[in-house]
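Engineer: run.txt (compact mmCIF, C-alpha atoms) pasted underneath:
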```txt
# COMPACT_ATOMS: atom_id res chain seq x y z
CA MET A 1 56.31 90.72 72.96
CA SER A 2 58.83 90.17 70.17
CA PHE A 3 60.88 92.91 71.76
CA LEU A 4 60.83 91.04 75.05
CA LEU A 5 61.92 87.79 73.41
CA ARG A 6 64.75 89.53 71.65
CA PHE A 7 65.83 91.05 74.91
CA GLN A 8 65.81 87.65 76.58
CA ARG A 9 67.83 86.07 73.82
CA ARG A 10 70.43 88.76 73.94
CA ASP A 11 70.70 88.83 77.71
CA ARG A 12 71.42 85.20 78.44
CA LYS A 13 72.62 85.75 81.94
CA SER A 14 69.41 84.86 83.70
CA ALA A 15 71.14 84.87 87.10
CA LYS A 16 71.56 88.63 86.72
CA ALA A 17 67.87 88.98 85.94
CA ALA A 18 67.03 86.83 88.98
CA SER A 19 69.28 88.90 91.20
CA ASP A 20 67.82 92.21 90.01
CA ARG A 21 64.24 90.99 90.38
CA LEU A 22 65.01 89.68 93.84
CA GLN A 23 66.48 92.98 95.00
CA THR A 24 63.40 94.90 93.86
CA LEU A 25 61.03 92.29 95.24
CA LEU A 26 62.65 92.27 98.67
CA ALA A 27 62.79 96.06 98.83
CA HIS A 28 59.02 96.12 98.30
CA ASP A 29 58.33 93.16 100.62
CA ARG A 30 60.40 94.56 103.47
CA SER A 31 59.00 98.08 103.32
CA GLY A 32 55.43 97.05 102.63
CA ILE A 33 55.42 99.64 99.86
CA THR A 34 53.73 98.20 96.78
CA PRO A 35 54.78 99.09 93.23
CA GLY A 36 51.32 100.68 92.86
CA LYS A 37 52.02 103.10 95.73
CA ILE A 38 55.29 104.09 94.10
CA ASP A 39 53.45 104.79 90.83
CA ALA A 40 50.89 106.95 92.64
CA LEU A 41 53.68 108.87 94.38
CA LYS A 42 55.44 109.32 91.07
CA GLU A 43 52.36 110.88 89.48
CA ASP A 44 51.90 113.24 92.44
CA MET A 45 55.56 114.22 92.36
CA ILE A 46 55.41 114.99 88.64
CA ILE A 47 52.47 117.34 89.24
CA VAL A 48 54.10 119.09 92.20
CA ILE A 49 57.57 119.44 90.69
CA SER A 50 56.15 120.62 87.36
CA LYS A 51 54.74 123.64 89.20
CA HIS A 52 58.30 124.75 89.89
CA PHE A 53 60.50 123.33 87.14
CA ALA A 54 60.11 122.03 83.61
CA ILE A 55 60.77 118.31 83.85
CA GLU A 56 60.58 115.35 81.48
CA PRO A 57 57.62 113.42 82.94
CA GLY A 58 58.47 110.32 80.89
CA GLY A 59 61.97 110.16 82.32
CA VAL A 60 61.00 110.27 86.00
CA SER A 61 61.82 107.15 87.95
CA ILE A 62 61.32 106.40 91.62
CA GLU A 63 62.85 103.28 93.08
CA LEU A 64 63.10 101.61 96.43
CA SER A 65 66.64 100.84 97.34
CA ARG A 66 68.57 99.49 100.28
CA GLU A 67 71.90 100.43 101.72
CA ARG A 68 72.83 98.15 104.57
CA ASP A 69 69.86 98.39 106.92
CA GLN A 70 68.57 101.66 105.49
CA GLN A 71 65.67 101.58 103.05
CA LYS A 72 65.64 104.50 100.64
CA LEU A 73 63.45 106.01 98.00
CA ILE A 74 65.57 107.21 95.13
CA ALA A 75 64.01 109.61 92.65
CA ASP A 76 65.56 110.43 89.30
CA ILE A 77 63.94 113.52 87.75
CA PRO A 78 65.35 114.77 84.45
CA LEU A 79 64.92 118.50 83.77
CA VAL A 80 63.87 119.61 80.31
CA SER A 81 66.37 122.45 79.91
CA LEU A 82 69.34 120.31 80.82
CA ARG A 83 68.51 117.71 78.19
CA LYS A 84 68.13 120.31 75.47
CA ARG A 85 71.42 121.89 76.32
CA ARG A 86 73.16 118.53 75.95
CA ARG A 87 71.87 118.13 72.44
CA MET B 1 72.79 67.13 129.00
CA ALA B 2 70.79 70.10 127.83
CA ALA B 3 69.70 69.74 124.26
CA GLU B 4 70.04 72.41 121.65
CA ILE B 5 66.74 72.79 119.82
CA LEU B 6 67.20 73.38 116.11
CA THR B 7 64.20 74.16 113.89
CA ILE B 8 64.56 73.63 110.15
CA THR B 9 62.24 75.82 108.10
CA SER B 10 61.96 77.65 104.76
CA GLY B 11 58.66 79.34 104.05
CA LYS B 12 58.42 77.84 100.59
CA GLY B 13 57.58 74.18 100.21
CA GLY B 14 59.69 71.66 98.37
CA VAL B 15 63.10 73.22 98.99
CA GLY B 16 64.40 70.30 101.05
CA LYS B 17 63.51 70.92 104.71
CA THR B 18 62.64 67.33 105.46
CA THR B 19 65.70 65.99 103.66
CA ALA B 20 67.86 68.47 105.55
CA THR B 21 66.32 67.48 108.90
CA ALA B 22 66.85 63.77 108.28
CA ASN B 23 70.41 64.28 107.12
CA LEU B 24 71.42 66.65 109.90
CA GLY B 25 69.92 64.18 112.37
CA VAL B 26 71.96 61.37 110.86
CA ALA B 27 75.13 63.44 110.64
CA LEU B 28 74.92 64.63 114.24
CA ALA B 29 74.10 61.14 115.53
CA SER B 30 77.00 59.66 113.57
CA LYS B 31 79.28 62.04 115.47
CA GLY B 32 78.22 60.52 118.75
CA LYS B 33 75.46 62.95 119.64
CA LYS B 34 72.11 61.82 120.94
CA VAL B 35 69.50 63.21 118.55
CA VAL B 36 65.74 63.22 118.23
CA CYS B 37 64.03 64.48 115.06
CA ILE B 38 60.47 65.73 115.42
CA ASP B 39 58.19 65.92 112.39
CA ALA B 40 56.02 69.01 112.97
CA ASP B 41 54.28 68.75 109.61
CA ILE B 42 51.04 67.34 110.98
CA GLY B 43 48.76 65.95 108.31
CA LEU B 44 51.58 65.63 105.77
CA ARG B 45 54.17 63.54 107.54
CA ASN B 46 57.23 62.64 105.52
CA LEU B 47 60.26 62.69 107.76
CA ASP B 48 59.57 59.03 108.60
CA VAL B 49 59.86 58.12 104.92
CA VAL B 50 63.06 60.06 104.30
CA MET B 51 64.59 58.43 107.38
CA GLY B 52 63.32 55.00 106.32
CA LEU B 53 61.35 54.45 109.52
CA GLU B 54 57.80 54.54 108.14
CA ASN B 55 57.02 50.92 108.91
CA ARG B 56 57.66 51.25 112.60
CA ILE B 57 55.23 53.99 113.56
CA VAL B 58 52.77 53.12 116.29
CA TYR B 59 52.16 56.44 118.04
CA ASP B 60 52.74 59.99 116.85
CA LEU B 61 53.18 63.55 118.06
CA VAL B 62 49.45 64.18 118.44
CA ASP B 63 49.04 60.98 120.48
CA VAL B 64 51.63 62.34 122.90
CA VAL B 65 50.05 65.80 123.08
CA GLU B 66 46.59 64.37 123.63
CA GLY B 67 47.83 61.91 126.25
CA ARG B 68 47.14 58.64 124.43
CA CYS B 69 50.70 57.47 124.94
CA ARG B 70 53.80 58.42 126.82
CA LEU B 71 56.48 60.41 125.02
CA ARG B 72 58.83 57.44 125.05
CA GLN B 73 56.31 55.25 123.23
CA ALA B 74 56.17 57.64 120.30
CA MET B 75 59.93 57.72 119.88
CA ILE B 76 61.15 55.44 117.10
CA LYS B 77 64.73 54.31 117.40
CA ASP B 78 66.78 54.35 114.20
CA LYS B 79 68.05 51.00 112.94
CA ARG B 80 71.47 52.21 111.82
CA LEU B 81 72.51 54.75 114.39
CA GLN B 82 72.38 54.01 118.06
CA ASP B 83 71.46 57.46 119.27
CA LEU B 84 69.00 58.66 116.65
CA TYR B 85 65.26 58.86 117.27
CA LEU B 86 62.18 60.08 115.43
CA ILE B 87 58.89 61.41 116.72
CA PRO B 88 56.58 61.21 113.71
CA ALA B 89 53.76 63.60 112.88
CA ALA B 90 50.14 62.46 112.81
CA GLN B 91 48.90 61.82 109.31
CA THR B 92 45.17 62.11 109.87
CA ARG B 93 44.99 65.36 111.79
CA ASP B 94 45.81 68.98 111.06
CA LYS B 95 48.15 71.59 112.49
CA THR B 96 45.62 72.84 115.05
CA ALA B 97 45.92 69.53 116.94
CA VAL B 98 49.15 70.90 118.46
CA SER B 99 49.83 74.34 119.96
CA PRO B 100 53.14 76.22 120.22
CA GLN B 101 52.95 75.71 124.01
CA ASP B 102 52.54 71.94 123.49
CA MET B 103 55.78 71.95 121.53
CA VAL B 104 57.60 73.85 124.26
CA THR B 105 56.34 71.45 126.92
CA LEU B 106 57.23 68.41 124.86
CA THR B 107 60.73 69.55 123.99
CA ASN B 108 61.38 70.56 127.60
CA GLU B 109 60.66 66.97 128.55
CA LEU B 110 63.25 65.81 126.00
CA ARG B 111 65.91 68.37 126.76
CA ASP B 112 67.71 66.51 129.53
CA GLU B 113 67.95 63.29 127.60
CA PHE B 114 69.30 64.52 124.26
CA ASP B 115 72.10 66.62 122.80
CA TRP B 116 70.09 67.81 119.84
CA ILE B 117 66.38 68.15 119.13
CA LEU B 118 65.70 68.78 115.45
CA ILE B 119 62.28 70.03 114.39
CA ASP B 120 61.14 69.68 110.78
CA SER B 121 58.83 72.63 110.16
CA PRO B 122 56.00 72.56 107.63
CA ALA B 123 56.03 75.05 104.77
CA GLY B 124 54.18 78.32 105.24
CA ILE B 125 54.02 80.87 108.02
CA GLU B 126 50.89 79.59 109.74
CA ARG B 127 50.23 77.51 112.82
CA GLY B 128 52.46 74.58 111.88
CA PHE B 129 55.43 76.88 111.40
CA ARG B 130 54.63 78.67 114.68
CA ASN B 131 54.56 75.30 116.42
CA ALA B 132 57.97 74.43 115.04
CA LEU B 133 59.43 77.83 115.89
CA ALA B 134 58.14 78.17 119.46
CA PRO B 135 60.73 75.96 121.21
CA ALA B 136 63.68 76.77 118.91
CA ASP B 137 67.07 77.82 120.26
CA MET B 138 68.41 78.07 116.74
CA VAL B 139 66.81 78.20 113.30
CA VAL B 140 68.14 76.92 109.99
CA ILE B 141 66.45 78.38 106.93
CA VAL B 142 66.64 76.17 103.85
CA THR B 143 66.44 77.80 100.46
CA ASN B 144 67.13 77.09 96.78
CA PRO B 145 68.80 79.38 94.27
CA GLU B 146 65.46 80.59 92.90
CA VAL B 147 63.77 83.98 93.22
CA SER B 148 60.62 82.56 94.84
CA ALA B 149 62.49 80.48 97.41
CA VAL B 150 64.86 83.30 98.40
CA ARG B 151 61.96 85.72 98.69
CA ASP B 152 60.17 83.36 101.09
CA ALA B 153 63.40 82.84 103.03
CA ASP B 154 63.59 86.62 103.51
CA ARG B 155 60.05 86.68 104.89
CA ILE B 156 60.86 83.85 107.29
CA ILE B 157 64.04 85.60 108.44
CA GLY B 158 61.92 88.67 109.23
CA ILE B 159 59.45 86.65 111.31
CA ILE B 160 62.22 84.80 113.13
CA GLU B 161 63.83 88.09 114.09
CA ALA B 162 60.51 89.55 115.20
CA GLU B 163 60.03 86.49 117.44
CA GLU B 164 63.54 86.98 118.81
CA LYS B 165 64.65 83.60 117.53
CA GLY B 166 67.04 85.20 115.11
CA PRO B 167 69.08 85.71 113.19
CA GLY B 168 69.05 82.13 111.92
CA LYS B 169 71.46 80.40 109.60
CA LEU B 170 71.09 79.76 105.91
CA LEU B 171 71.33 76.38 104.23
CA LEU B 172 71.62 76.65 100.45
CA ASN B 173 70.23 73.54 98.84
CA ARG B 174 70.33 72.23 95.26
CA MET B 175 73.09 74.46 93.98
CA LYS B 176 74.20 73.59 90.45
CA PRO B 177 77.80 74.66 89.88
CA GLU B 178 77.67 74.50 86.08
CA MET B 179 74.57 76.71 85.93
CA ILE B 180 76.10 79.23 88.32
CA GLU B 181 79.28 79.22 86.26
CA ARG B 182 77.47 80.11 83.07
CA GLY B 183 75.45 82.82 84.77
CA ASP B 184 72.12 81.04 84.82
CA MET B 185 71.75 80.47 88.53
CA LEU B 186 71.95 82.71 91.58
CA SER B 187 75.29 82.21 93.28
CA THR B 188 76.01 81.86 96.97
CA ASP B 189 77.13 85.48 97.08
CA ASP B 190 74.06 86.73 95.19
CA ILE B 191 71.85 85.11 97.82
CA LEU B 192 73.92 86.09 100.86
CA ASP B 193 74.02 89.69 99.63
CA VAL B 194 70.26 90.08 99.68
CA LEU B 195 69.49 87.98 102.75
CA ALA B 196 72.40 89.21 104.88
CA ILE B 197 72.51 86.25 107.29
CA ASP B 198 75.16 83.69 108.16
CA LEU B 199 75.65 80.63 106.04
CA ILE B 200 75.65 77.19 107.69
CA GLY B 201 76.21 75.14 104.54
CA ILE B 202 75.90 74.58 100.83
CA ILE B 203 74.44 71.38 99.43
CA PRO B 204 75.16 70.78 95.76
CA GLU B 205 72.48 69.26 93.55
CA ASP B 206 73.26 65.57 93.78
CA GLU B 207 71.35 62.61 92.36
CA SER B 208 72.44 60.52 95.29
CA VAL B 209 69.97 62.49 97.46
CA ILE B 210 67.11 61.05 95.42
CA VAL B 211 68.65 57.58 95.30
CA ALA B 212 69.05 57.76 99.07
CA SER B 213 65.47 58.85 99.69
CA ASN B 214 64.21 56.11 97.34
CA ARG B 215 65.80 53.63 99.70
CA GLY B 216 65.02 55.45 102.93
CA ILE B 217 68.72 55.78 103.69
CA PRO B 218 69.63 59.44 104.31
CA VAL B 219 72.52 60.49 102.09
CA ALA B 220 74.50 61.70 105.10
CA LEU B 221 75.19 58.03 105.88
CA GLU B 222 77.17 57.88 102.65
CA THR B 223 79.98 60.29 103.29
CA LYS B 224 81.54 59.72 99.88
CA THR B 225 78.69 61.48 98.09
CA LEU B 226 78.91 65.24 97.57
CA ALA B 227 75.67 65.95 99.40
CA GLY B 228 76.47 63.45 102.15
CA LYS B 229 79.79 65.12 102.78
CA ALA B 230 78.19 68.57 102.74
CA TYR B 231 75.60 67.54 105.35
CA ASN B 232 78.32 66.10 107.57
CA ASN B 233 80.21 69.37 107.28
CA ILE B 234 77.12 71.26 108.44
CA ALA B 235 76.88 68.96 111.45
CA LEU B 236 80.51 69.72 112.27
CA ARG B 237 79.80 73.45 112.03
CA LEU B 238 76.77 73.05 114.30
CA LEU B 239 79.12 71.39 116.79
CA GLY B 240 81.33 74.45 116.75
CA ASN B 241 84.03 73.34 114.32
CA GLU B 242 85.43 75.66 111.70
CA VAL B 243 84.89 73.85 108.43
CA PRO B 244 85.56 75.75 105.20
CA PHE B 245 82.56 76.09 102.94
CA GLU B 246 82.45 73.72 100.01
CA ILE B 247 83.96 74.75 96.73
CA LEU B 248 81.36 73.83 94.16
CA GLN B 249 83.07 72.16 91.26
CA TYR B 250 81.97 70.81 87.96
CA LYS B 251 83.29 68.98 84.95
CA ASP B 252 83.18 70.86 81.68
CA GLY B 253 83.71 68.70 78.64
CA PHE B 254 87.28 67.45 78.59
CA MET B 255 88.54 69.87 81.12
CA HIS B 256 87.83 69.51 84.75
CA LYS B 257 87.35 73.05 85.76
CA LEU B 258 87.31 74.20 89.29
CA SER B 259 85.16 77.13 90.06
CA ARG B 260 85.46 79.07 93.18
CA LEU B 261 81.87 80.00 93.68
CA VAL B 262 81.89 80.32 97.36
CA ARG B 263 84.08 82.12 99.73
CA LEU B 264 86.33 80.03 101.88
CA GLY B 265 86.35 80.42 105.60
CA GLY B 266 82.85 81.69 106.13
CA THR B 267 83.56 85.07 107.60
CA ARG B 268 80.00 86.20 107.05
```
Please express the file's structure as structure tokens.
Structural biologist:
Amino acid sequence: MSFLLRFQRRDRKSAKAASDRLQTLLAHDRSGITPGKIDALKEDMIIVISKHFAIEPGGVSIELSRERDQQKLIADIPLVSLRKRRR
Amino acid sequence: MAAEILTITSGKGGVGKTTATANLGVALASKGKKVVCIDADIGLRNLDVVMGLENRIVYDLVDVVEGRCRLRQAMIKDKRLQDLYLIPAAQTRDKTAVSPQDMVTLTNELRDEFDWILIDSPAGIERGFRNALAPADMVVIVTNPEVSAVRDADRIIGIIEAEEKGPGKLLLNRMKPEMIERGDMLSTDDILDVLAIDLIGIIPEDESVIVASNRGIPVALETKTLAGKAYNNIALRLLGNEVPFEILQYKDGFMHKLSRLVRLGGTR
């Protein structure tokens, strides 16, 4: 909670927050895909992909996005080996 | 004469549909057009109050639909503008007292006599909204620069397109230039980017709107006020004129800053 408050104080541009929230909200509203469904998909994907590659499960993100009229699912899946090499 | 039927809606309540209807009615009538405003918010009528005609109601929309009076008897003539009329909603009934087909029939009867038929839709996406949408040739969606209001506007735009009444035009209401300038309010571009529809006008937050509604004198009658001028510009755009979109401006301390928050020209 204190972390959240600090974040709010630092990021005073609430219009940016509104705009970001709106984009996410509308992506979900328009597609009828709930955030819960995305979470379920994410868990399944982690299981399936882990069978083939070593990934960082905590770093996986799946987001709904829109480009013009095209709705997209964008998955970001960090691989373990790549991260270690960077360090 | 074949009237253009314009429905004013929003999804979310309290964003200024009724105020917009009254003011667009006034602005169009002041430009020599013959206008009738219909309050489709049955059970919660308010357009009469905003137009300052509440003391003259005898019959209402439901009386017409149920055959207790002729259409003409329910039409209240405005005191200030020669060619402005109101058909009030019933206060004691609910939305089911009127059907979408009733609205089509009723507006068809009015079409030959008027240039513009403005319908004030109730909030929501239920029967009352469907009633207001059914006869529409054109839809204006009113929204505020808030996440909840823009979200509802998006939902409404979707329904309008599904009903082949689209794409609709956006009226941005209660914009506060100084808040937008300091990054604490969604800007015109922020909203147009997500909704991707054409803009019909921008109404700045203006105390004279409240003063006007206190008195029952729509602000569009006072063309010196910011909001009054903005409503008159929308009327001009509805009549096919190219009017640049308002530049929202604000005073910042000693300096009078101008902020270009909206695009000129309206190419969207």
Engineer: Please, which residues of chain B lie no more than 7 Å from chain A when the count uses all atoms listed in the file, and can they be set out as a list of chain:residue names?
Structural biologist: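 Per the criterion, chain B yields B:Val147, B:Arg151, B:Gly183, B:Asp184, B:Met185, B:Leu186, B:Asp190, B:Val194.
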Engineer: Mind checking which residues fall within 10 Å of B:Asn108, counting only C-alpha atoms, ignoring those fewer than 3 positions away in the same chain, and posting them as a PyMOL selection string?
Structural biologist: chain B and resi 2-3+5+102-105+111-113+135
Engineer: Residues within 8 Å of stretch 200-216 of chain B, please, as a list in words. Count all atoms listed in the file; anything in the same chain fewer than 5 positions from it doesn't count.
Structural biologist: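 Counting all atoms listed in the file, the residues come to Val49, Val50, Met51, Gly52, Leu53, Val140, Lys169, Leu170, Leu171, Leu172, Asn173, Arg174, Met175, Lys176, Pro177, Thr225, Leu226, Ala227, Ala230, Tyr231, Asn233, Ile234, Arg237, Leu238, Phe245, Glu246 and Leu248 of chain B.
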Engineer: For stretch 49-65 of chain A, find every residue with an atom within 8 Å (counting all atoms listed in the file), except residues of its own chain fewer than 4 positions away, and show them as a list in words.
Structural biologist: Thr24, Ala27, His28, Ile38, Lys42, Met45, Gln71, Lys72, Leu73, Ile74, Ala75, Asp76, Ile77, Pro78, Leu79, Val80 and Ser81 of chain A
Engineer: Between atom CA of B:Val150 and atom CA of B:Asn241, measure the distance and give it in Å to one decimal.
Structural biologist: 26.8 Å
Engineer: If I wrap all listed atoms of stretch 140-144 of chain B in a box with edges along x, y and z and add 8 Å on each side, what are its centre and edge lengths in Å to one decimal, as lines of an AutoDock Vina configuration file?
Structural biologist:
```
center_x = 67.3
center_y = 77.3
center_z = 103.4
size_x = 17.7
size_y = 18.2
size_z = 29.2
```
Engineer: For atom CA of A:Glu67 and atom CA of B:Gly166, quote the distance in Å rounded to one decimal.
Structural biologist: 20.9 Å
Engineer: Smallest atom-to-atom distance to B:Val139: which of B:Leu71, B:Val58, B:Ala220, B:Ala153, using only C-alpha atoms?
Structural biologist: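 That would be B:Ala153, the residue with the smallest distance to B:Val139.
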Engineer: Mind giving me the straight-line distance from atom CA of B:Thr7 to atom CA of B:Val142 in Å, one decimal?
Structural biologist: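 Between these atoms lies a distance of 10.5 Å.
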